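Below is the file run37.cif, which contains mmCIF, C-alpha atoms.
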```cif
data_query
loop_
_atom_site.label_atom_id
_atom_site.label_comp_id
_atom_site.auth_asym_id
_atom_site.auth_seq_id
_atom_site.Cartn_x
_atom_site.Cartn_y
_atom_site.Cartn_z
CA MET A 1 -8.45 -1.13 -21.91
CA GLU A 2 -10.87 -0.64 -19.00
CA ILE A 3 -8.84 0.21 -15.91
CA GLY A 4 -9.79 0.87 -12.29
CA TRP A 5 -7.43 3.05 -10.24
CA ILE A 6 -7.68 3.39 -6.45
CA GLY A 7 -5.60 6.09 -4.77
CA THR A 8 -5.06 9.46 -6.44
CA GLY A 9 -2.53 11.09 -4.13
CA ILE A 10 0.82 12.69 -4.89
CA MET A 11 1.99 9.58 -6.78
CA GLY A 12 -1.24 7.90 -7.82
CA ALA A 13 -2.77 10.82 -9.70
CA PRO A 14 0.11 11.41 -12.15
CA MET A 15 0.52 7.67 -12.67
CA ALA A 16 -3.17 7.32 -13.56
CA ARG A 17 -2.82 10.29 -15.93
CA ARG A 18 -0.09 8.42 -17.78
CA LEU A 19 -2.57 5.60 -18.49
CA ILE A 20 -5.24 8.06 -19.64
CA GLY A 21 -2.65 9.65 -21.92
CA GLY A 22 -1.96 6.19 -23.32
CA GLY A 23 -5.54 5.95 -24.53
CA HIS A 24 -7.01 3.79 -21.77
CA ARG A 25 -10.38 4.31 -20.09
CA VAL A 26 -9.66 4.89 -16.41
CA ARG A 27 -12.10 4.96 -13.50
CA VAL A 28 -10.72 6.43 -10.28
CA PHE A 29 -11.59 6.30 -6.60
CA ASN A 30 -10.00 7.97 -3.60
CA ARG A 31 -11.00 7.94 0.07
CA SER A 32 -10.80 11.76 0.01
CA PRO A 33 -13.28 12.47 -2.83
CA GLU A 34 -11.84 15.88 -3.72
CA LYS A 35 -8.53 14.25 -4.73
CA ALA A 36 -10.39 12.00 -7.18
CA ARG A 37 -12.67 14.73 -8.55
CA VAL A 38 -9.76 16.71 -10.00
CA MET A 39 -9.04 13.71 -12.25
CA ALA A 40 -12.28 14.32 -14.17
CA ALA A 41 -10.59 17.18 -16.00
CA ASP A 42 -8.02 14.65 -17.27
CA GLY A 43 -10.70 12.38 -18.70
CA ALA A 44 -11.09 9.93 -15.79
CA LEU A 45 -14.49 8.65 -14.69
CA VAL A 46 -14.76 9.42 -10.98
CA THR A 47 -16.55 6.83 -8.84
CA VAL A 48 -17.89 7.29 -5.31
CA GLU A 49 -17.23 3.70 -4.19
CA ALA A 50 -14.22 1.44 -4.55
CA ALA A 51 -16.38 -1.47 -5.72
CA ALA A 52 -17.81 0.64 -8.56
CA CYS A 53 -14.28 1.55 -9.60
CA VAL A 54 -13.28 -2.07 -10.16
CA ALA A 55 -16.52 -3.52 -11.58
CA GLY A 56 -15.85 -4.53 -15.18
CA ALA A 57 -12.25 -3.34 -15.18
CA GLU A 58 -9.74 -5.62 -16.86
CA ILE A 59 -6.94 -4.43 -14.58
CA VAL A 60 -7.23 -2.71 -11.19
CA PHE A 61 -4.43 -0.62 -9.68
CA ILE A 62 -4.02 0.25 -6.01
CA MET A 63 -1.76 3.10 -4.84
CA VAL A 64 -2.34 3.86 -1.15
CA PRO A 65 -0.02 4.64 1.78
CA ASP A 66 0.46 1.55 3.97
CA THR A 67 -0.22 -2.14 4.58
CA PRO A 68 -3.54 -1.66 6.45
CA ASP A 69 -4.75 0.62 3.65
CA VAL A 70 -4.08 -2.00 0.99
CA GLU A 71 -5.67 -4.74 3.10
CA ALA A 72 -8.76 -2.59 3.69
CA THR A 73 -8.98 -1.71 0.00
CA VAL A 74 -8.76 -5.33 -1.10
CA ALA A 75 -11.42 -6.29 1.45
CA LYS A 76 -13.76 -3.65 -0.03
CA ILE A 77 -13.26 -4.59 -3.67
CA GLU A 78 -12.94 -8.37 -3.31
CA PRO A 79 -16.70 -9.08 -3.50
CA ALA A 80 -16.84 -7.13 -6.80
CA LEU A 81 -13.88 -8.90 -8.42
CA LYS A 82 -14.44 -11.54 -11.08
CA ALA A 83 -12.27 -14.39 -12.32
CA GLY A 84 -9.87 -13.20 -15.00
CA GLN A 85 -9.27 -9.75 -13.55
CA LEU A 86 -5.79 -8.61 -12.56
CA VAL A 87 -5.15 -6.51 -9.45
CA ILE A 88 -1.84 -4.64 -9.18
CA ASP A 89 -0.71 -3.05 -5.94
CA MET A 90 1.81 -0.26 -6.57
CA SER A 91 1.96 0.85 -2.93
CA THR A 92 4.93 0.06 -0.70
CA ILE A 93 3.81 -2.40 2.00
CA ALA A 94 4.88 -5.52 3.87
CA PRO A 95 5.94 -8.38 1.57
CA ALA A 96 4.14 -10.96 3.73
CA ALA A 97 0.86 -9.08 3.30
CA GLU A 98 1.26 -9.16 -0.50
CA ARG A 99 1.84 -12.90 -0.47
CA ALA A 100 -1.29 -13.45 1.64
CA ILE A 101 -3.45 -11.27 -0.63
CA ALA A 102 -2.13 -12.97 -3.76
CA THR A 103 -3.01 -16.40 -2.35
CA ARG A 104 -6.51 -15.29 -1.37
CA LEU A 105 -7.32 -13.68 -4.71
CA LYS A 106 -5.87 -16.60 -6.66
CA ALA A 107 -8.57 -18.79 -5.11
CA ARG A 108 -11.12 -16.50 -6.78
CA GLY A 109 -9.37 -16.75 -10.15
CA VAL A 110 -7.98 -13.20 -9.83
CA ASP A 111 -4.30 -12.57 -10.57
CA TYR A 112 -2.29 -10.25 -8.32
CA LEU A 113 1.00 -8.40 -8.66
CA ASP A 114 2.95 -6.32 -6.17
CA ALA A 115 4.64 -3.55 -8.15
CA PRO A 116 6.08 -0.78 -5.94
CA VAL A 117 7.87 2.10 -7.61
CA SER A 118 10.81 4.44 -7.13
CA GLY A 119 11.37 7.85 -8.70
CA GLY A 120 9.14 10.22 -6.75
CA ASP A 121 6.51 12.56 -8.07
CA VAL A 122 8.78 13.71 -10.91
CA GLY A 123 9.17 10.13 -12.14
CA ALA A 124 5.41 9.61 -11.82
CA ARG A 125 4.68 12.68 -13.97
CA ASP A 126 7.36 11.94 -16.56
CA GLY A 127 6.74 8.19 -16.81
CA THR A 128 10.31 7.38 -15.76
CA LEU A 129 9.63 5.35 -12.61
CA ALA A 130 11.55 2.22 -11.69
CA ILE A 131 8.92 -0.51 -11.20
CA MET A 132 9.79 -3.66 -9.25
CA VAL A 133 7.29 -6.47 -9.73
CA GLY A 134 6.46 -9.65 -7.83
CA GLY A 135 3.97 -12.27 -9.02
CA GLU A 136 3.38 -14.77 -11.78
CA ALA A 137 5.22 -14.20 -15.06
CA ALA A 138 2.07 -14.40 -17.20
CA ALA A 139 0.38 -11.68 -15.15
CA PHE A 140 3.52 -9.55 -15.41
CA GLU A 141 3.53 -9.83 -19.21
CA ARG A 142 -0.14 -8.91 -19.32
CA ALA A 143 0.59 -5.75 -17.34
CA ARG A 144 3.85 -4.82 -19.05
CA PRO A 145 2.35 -2.43 -21.66
CA LEU A 146 0.73 -0.42 -18.85
CA PHE A 147 3.91 -0.43 -16.78
CA GLU A 148 5.78 0.91 -19.80
CA LEU A 149 3.52 3.98 -19.82
CA MET A 150 4.52 4.72 -16.22
CA GLY A 151 8.11 3.59 -15.96
CA LYS A 152 11.48 3.48 -17.67
CA ARG A 153 12.89 0.41 -15.92
CA ILE A 154 10.42 -2.42 -15.31
CA THR A 155 11.80 -5.56 -13.70
CA HIS A 156 10.06 -8.83 -12.82
CA MET A 157 11.76 -9.81 -9.55
CA GLY A 158 10.11 -13.16 -8.88
CA ALA A 159 7.15 -14.55 -6.94
CA SER A 160 4.62 -12.55 -4.93
CA GLY A 161 6.32 -10.28 -2.41
CA ALA A 162 9.55 -10.05 -4.39
CA GLY A 163 8.65 -6.61 -5.72
CA GLN A 164 8.17 -5.31 -2.20
CA MET A 165 11.42 -6.85 -0.97
CA THR A 166 13.23 -5.11 -3.83
CA LYS A 167 11.58 -1.77 -3.00
CA LEU A 168 12.64 -2.07 0.62
CA ALA A 169 16.23 -2.69 -0.47
CA ASN A 170 15.85 0.43 -2.62
CA GLN A 171 14.71 2.46 0.37
CA ILE A 172 17.78 1.50 2.39
CA ALA A 173 20.02 2.78 -0.41
CA VAL A 174 17.90 5.92 -0.91
CA ALA A 175 17.88 6.87 2.77
CA LEU A 176 21.63 6.45 3.23
CA ALA A 177 22.44 8.30 0.00
CA LEU A 178 20.22 11.19 1.10
CA GLU A 179 21.98 11.40 4.45
CA ALA A 180 25.33 11.37 2.67
CA ALA A 181 24.20 14.25 0.44
CA ALA A 182 22.90 16.28 3.40
CA GLU A 183 26.10 15.76 5.39
CA ALA A 184 28.31 16.65 2.41
CA ILE A 185 26.39 19.90 1.92
CA LYS A 186 26.55 20.69 5.65
CA PHE A 187 30.29 20.05 5.69
CA ALA A 188 30.86 22.21 2.59
CA ARG A 189 28.98 25.14 4.10
CA ALA A 190 30.88 24.86 7.39
CA GLY A 191 34.13 25.00 5.40
CA GLY A 192 33.16 28.24 3.69
CA LEU A 193 32.46 26.65 0.30
CA ASP A 194 29.61 27.41 -2.09
CA PRO A 195 27.50 24.26 -1.62
CA SER A 196 25.96 24.54 -5.09
CA ARG A 197 29.39 24.42 -6.68
CA VAL A 198 30.35 21.50 -4.44
CA VAL A 199 27.28 19.52 -5.58
CA GLU A 200 28.16 20.33 -9.19
CA ALA A 201 31.76 19.25 -8.70
CA ILE A 202 31.28 16.02 -6.78
CA GLY A 203 28.10 15.09 -8.63
CA ALA A 204 30.20 14.37 -11.71
CA GLY A 205 32.38 11.82 -9.94
CA ALA A 206 32.16 8.79 -7.68
CA ALA A 207 29.87 10.63 -5.23
CA ALA A 208 27.14 11.01 -7.85
CA SER A 209 23.64 9.92 -6.83
CA TRP A 210 20.03 10.75 -7.62
CA GLN A 211 19.65 12.12 -4.12
CA LEU A 212 22.63 14.46 -4.48
CA SER A 213 21.69 15.82 -7.91
CA ASN A 214 17.92 16.09 -7.37
CA LEU A 215 17.53 16.80 -3.66
CA GLY A 216 20.89 18.44 -3.00
CA PRO A 217 19.82 21.75 -4.61
CA LYS A 218 16.57 21.66 -2.61
CA ILE A 219 18.50 21.17 0.64
CA ILE A 220 20.72 24.12 -0.26
CA ALA A 221 17.67 26.29 -0.99
CA GLY A 222 15.78 25.15 2.11
CA ASP A 223 13.03 23.92 -0.20
CA TYR A 224 11.25 21.14 1.64
CA ARG A 225 8.20 20.88 -0.62
CA PRO A 226 7.33 17.18 -0.89
CA GLY A 227 8.07 14.87 -3.75
CA PHE A 228 7.94 12.02 -1.25
CA PHE A 229 6.78 12.64 2.32
CA ILE A 230 8.94 12.16 5.41
CA LYS A 231 6.03 10.22 6.91
CA LEU A 232 6.15 7.75 4.02
CA ILE A 233 9.90 7.11 4.18
CA ARG A 234 9.45 6.56 7.93
CA LYS A 235 6.80 3.97 7.13
CA ASP A 236 9.03 2.32 4.53
CA LEU A 237 11.98 2.08 6.93
CA ARG A 238 9.66 0.55 9.52
CA LEU A 239 8.79 -2.13 6.96
CA VAL A 240 12.50 -2.67 6.27
CA ALA A 241 13.18 -3.07 10.00
CA GLU A 242 10.38 -5.63 10.32
CA ALA A 243 11.68 -7.64 7.34
CA ALA A 244 15.25 -7.42 8.65
CA ARG A 245 14.18 -8.80 12.01
CA GLU A 246 12.43 -11.71 10.26
CA SER A 247 15.71 -12.46 8.47
CA GLY A 248 17.84 -12.03 11.59
CA LEU A 249 19.73 -9.06 10.11
CA ALA A 250 21.27 -6.11 11.94
CA LEU A 251 21.43 -3.04 9.66
CA PRO A 252 23.18 -0.18 11.49
CA GLY A 253 22.68 2.35 8.68
CA LEU A 254 18.95 1.63 8.72
CA SER A 255 18.81 2.34 12.46
CA LEU A 256 20.60 5.65 11.96
CA MET A 257 18.27 6.80 9.21
CA ALA A 258 15.12 5.74 11.06
CA SER A 259 16.33 7.96 13.91
CA MET A 260 17.12 10.87 11.57
CA PHE A 261 13.73 10.80 9.85
CA ASN A 262 11.95 10.42 13.20
CA SER A 263 13.82 13.50 14.41
CA ALA A 264 12.71 15.41 11.32
CA ALA A 265 9.12 14.40 12.07
CA VAL A 266 9.43 15.64 15.66
CA LEU A 267 10.64 18.96 14.26
CA GLY A 268 7.39 19.25 12.30
CA HIS A 269 8.52 17.95 8.90
CA ASP A 270 6.38 14.81 8.56
CA LEU A 271 4.47 16.27 5.59
CA ASP A 272 7.58 17.76 4.00
CA GLY A 273 9.79 16.04 1.44
CA THR A 274 12.47 13.58 2.49
CA GLN A 275 15.11 16.26 1.94
CA ALA A 276 13.84 17.83 5.20
CA VAL A 277 16.05 15.30 6.96
CA ALA A 278 18.60 18.10 6.56
CA ALA A 279 16.68 20.03 9.21
CA ALA A 280 17.32 17.23 11.70
CA LEU A 281 20.98 17.17 10.68
CA ASP A 282 21.20 20.93 11.33
CA ARG A 283 20.10 20.36 14.91
CA LEU A 284 22.51 17.49 15.50
CA ALA A 285 25.57 18.74 13.62
CA ASP A 286 25.58 22.13 15.33
CA VAL A 287 25.66 20.67 18.84
CA GLN A 288 29.10 21.49 20.32
#
```
Could you spell out this file's structure in structure tokens?
Amino acid sequence: MEIGWIGTGIMGAPMARRLIGGGHRVRVFNRSPEKARVMAADGALVTVEAAACVAGAEIVFIMVPDTPDVEATVAKIEPALKAGQLVIDMSTIAPAAERAIATRLKARGVDYLDAPVSGGDVGARDGTLAIMVGGEAAAFERARPLFELMGKRITHMGASGAGQMTKLANQIAVALALEAAAEAIKFARAGGLDPSRVVEAIGAGAAASWQLSNLGPKIIAGDYRPGFFIKLIRKDLRLVAEAARESGLALPGLSLMASMFNSAAVLGHDLDGTQAVAAALDRLADVQ
């Protein structure tokens, strides 16, 4: 299949490699050209313009940081799109923006899916992502074989925007579970325990979580190398807060975690992994 892929960052590049490994012909484009050029060694055709990336592609993927980035990308490629093509946004952005884009492209005869993911850079490399999809069922079935190269759990959640709403619910759970893991480790250390053994012990019971088992050891080691940036979880929680306000919801845990990640950013960890929230906890928990 001829595929266009826009956005070859920490998540986009390994996801595109999964499609190349599946035997598909993939053209790539990235705003920072050097990030796209490295994909040539994997067999991708590197393009210098977004429009050239999508011309003639059966399916076009977008994986960029935020709502304005997706909107700008769609505006650039829209004149080059033809009826019958399918555009799939795998970024995490505002659900309302996805619904508006889907409506606009539908008028051109172009199908559109919002398909955000969870699982971090490890899931992107291993093809074990959770993929949450919004859009028409026929378009979802058309894309399913490609999703199956990138993910282990692929779920059609409903109409346009439903994938993004599901991802935002995911981010609430992720953020609070990460804080729980960081606080448990902090508490264990303060009590004179070996935090690695504590994670091993409680990770086999009711306290088990992906955050505890995967990011707990990194917190213990002070390893803040990014699998998912602090700046991106901050963006995601901003999107959650906006959607919650539209629904008239008060989410106290969300407010806490937005504050914790903002504190981590102030401490210089915006480009570190989300586990660097532990650095903010260190500052707060040690205040007498």
Care to translate the PyMOL selection byres ((chain A and resi 76) around 12) into actual residues of this file, as a PDB file with C-alpha atoms, keeping the file's coordinate frame?
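What follows is the written file out-v8.pdb:
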```
ATOM      1  CA  ILE A   6      -7.680   3.390  -6.450  1.00  0.00           C
ATOM      2  CA  ARG A  31     -11.000   7.940   0.070  1.00  0.00           C
ATOM      3  CA  GLU A  49     -17.230   3.700  -4.190  1.00  0.00           C
ATOM      4  CA  ALA A  50     -14.220   1.440  -4.550  1.00  0.00           C
ATOM      5  CA  ALA A  51     -16.380  -1.470  -5.720  1.00  0.00           C
ATOM      6  CA  ALA A  52     -17.810   0.640  -8.560  1.00  0.00           C
ATOM      7  CA  CYS A  53     -14.280   1.550  -9.600  1.00  0.00           C
ATOM      8  CA  VAL A  54     -13.280  -2.070 -10.160  1.00  0.00           C
ATOM      9  CA  ALA A  55     -16.520  -3.520 -11.580  1.00  0.00           C
ATOM     10  CA  ASP A  69      -4.750   0.620   3.650  1.00  0.00           C
ATOM     11  CA  VAL A  70      -4.080  -2.000   0.990  1.00  0.00           C
ATOM     12  CA  GLU A  71      -5.670  -4.740   3.100  1.00  0.00           C
ATOM     13  CA  ALA A  72      -8.760  -2.590   3.690  1.00  0.00           C
ATOM     14  CA  THR A  73      -8.980  -1.710   0.000  1.00  0.00           C
ATOM     15  CA  VAL A  74      -8.760  -5.330  -1.100  1.00  0.00           C
ATOM     16  CA  ALA A  75     -11.420  -6.290   1.450  1.00  0.00           C
ATOM     17  CA  ILE A  77     -13.260  -4.590  -3.670  1.00  0.00           C
ATOM     18  CA  GLU A  78     -12.940  -8.370  -3.310  1.00  0.00           C
ATOM     19  CA  PRO A  79     -16.700  -9.080  -3.500  1.00  0.00           C
ATOM     20  CA  ALA A  80     -16.840  -7.130  -6.800  1.00  0.00           C
ATOM     21  CA  LEU A  81     -13.880  -8.900  -8.420  1.00  0.00           C
TER      22      LEU A  81
END
```
Enclosing box along x, y and z for every listed atom of segment 186-202 of chain A, padded 8 Å each side, centre and size in Å, one decimal, as JSON:
```
{"center_x": 30.0, "center_y": 22.1, "center_z": -0.9, "size_x": 24.2, "size_y": 28.2, "size_z": 32.6}
```
Once you count all atoms listed in the file, what closest atom pair and distance in Å to one decimal does each residue of segment 9-113 of chain A within 7 Å of segment 145-164 of chain A have, with rows by chain and rising residue number, as CSV?
```
residue,atom,partner,partner_atom,distance
A:Met15,CA,A:Met150,CA,6.1
A:Arg18,CA,A:Leu149,CA,6.1
A:Leu19,CA,A:Leu149,CA,6.4
A:Gly22,CA,A:Leu149,CA,6.9
A:Thr92,CA,A:Gln164,CA,6.4
A:Ile93,CA,A:Gln164,CA,6.7
A:Ala94,CA,A:Gln164,CA,6.9
A:Pro95,CA,A:Gly161,CA,4.4
A:Ala96,CA,A:Gly161,CA,6.6
A:Glu98,CA,A:Gly161,CA,5.5
A:Arg99,CA,A:Ser160,CA,5.3
A:Ala102,CA,A:Ser160,CA,6.9
A:Leu113,CA,A:Ser160,CA,6.7
```
Can those selected residues be exported to a file as a tab-separated table (two decimals), in the coordinates of the input so that it contains C-alpha atoms?
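Okay, this is what ended up in part10.tsv:
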```tsv
chain	number	residue	atom	x	y	z
A	15	MET	CA	0.52	7.67	-12.67
A	18	ARG	CA	-0.09	8.42	-17.78
A	19	LEU	CA	-2.57	5.60	-18.49
A	22	GLY	CA	-1.96	6.19	-23.32
A	92	THR	CA	4.93	0.06	-0.70
A	93	ILE	CA	3.81	-2.40	2.00
A	94	ALA	CA	4.88	-5.52	3.87
A	95	PRO	CA	5.94	-8.38	1.57
A	96	ALA	CA	4.14	-10.96	3.73
A	98	GLU	CA	1.26	-9.16	-0.50
A	99	ARG	CA	1.84	-12.90	-0.47
A	102	ALA	CA	-2.13	-12.97	-3.76
A	113	LEU	CA	1.00	-8.40	-8.66
```
Original post:
For this file, the PyMOL selection byres ((chain A and resi 224) around 9) selects which residues, as a ChimeraX atom specification?
Top reply: /A:218-219,221-223,225-227,269,272-276
Based on the selection just made, write C-alpha atoms of those residues as a short mmCIF file (atom, residue, chain, number, x, y, z; two decimals), in the coordinates of the input.
```cif
data_model
loop_
_atom_site.label_atom_id
_atom_site.label_comp_id
_atom_site.auth_asym_id
_atom_site.auth_seq_id
_atom_site.Cartn_x
_atom_site.Cartn_y
_atom_site.Cartn_z
CA LYS A 218 16.57 21.66 -2.61
CA ILE A 219 18.50 21.17 0.64
CA ALA A 221 17.67 26.29 -0.99
CA GLY A 222 15.78 25.15 2.11
CA ASP A 223 13.03 23.92 -0.20
CA ARG A 225 8.20 20.88 -0.62
CA PRO A 226 7.33 17.18 -0.89
CA GLY A 227 8.07 14.87 -3.75
CA HIS A 269 8.52 17.95 8.90
CA ASP A 272 7.58 17.76 4.00
CA GLY A 273 9.79 16.04 1.44
CA THR A 274 12.47 13.58 2.49
CA GLN A 275 15.11 16.26 1.94
CA ALA A 276 13.84 17.83 5.20
#
```
**OP:** Any chance you could resolve the PyMOL selection byres ((chain A and resi 186) around 10) against this file and give the residues as a ChimeraX atom specification?
**Re:** /A:180-185,187-191,193,195,219-220,278,281-282,285-286
Original post:
In Å to one decimal, how far is atom CA of Trp210 of chain A from atom CA of Thr128 of chain A?
Top reply: 13.1 Å
**OP:** Would you please work out which residue, of A:Arg245, A:Arg17, A:Arg25, A:Arg283, is nearest to Asp126 of chain A when using all atoms listed in the file?
**Re:**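 Looking only at the distances to Asp126 of chain A, the closest residue turns out to be A:Arg17.
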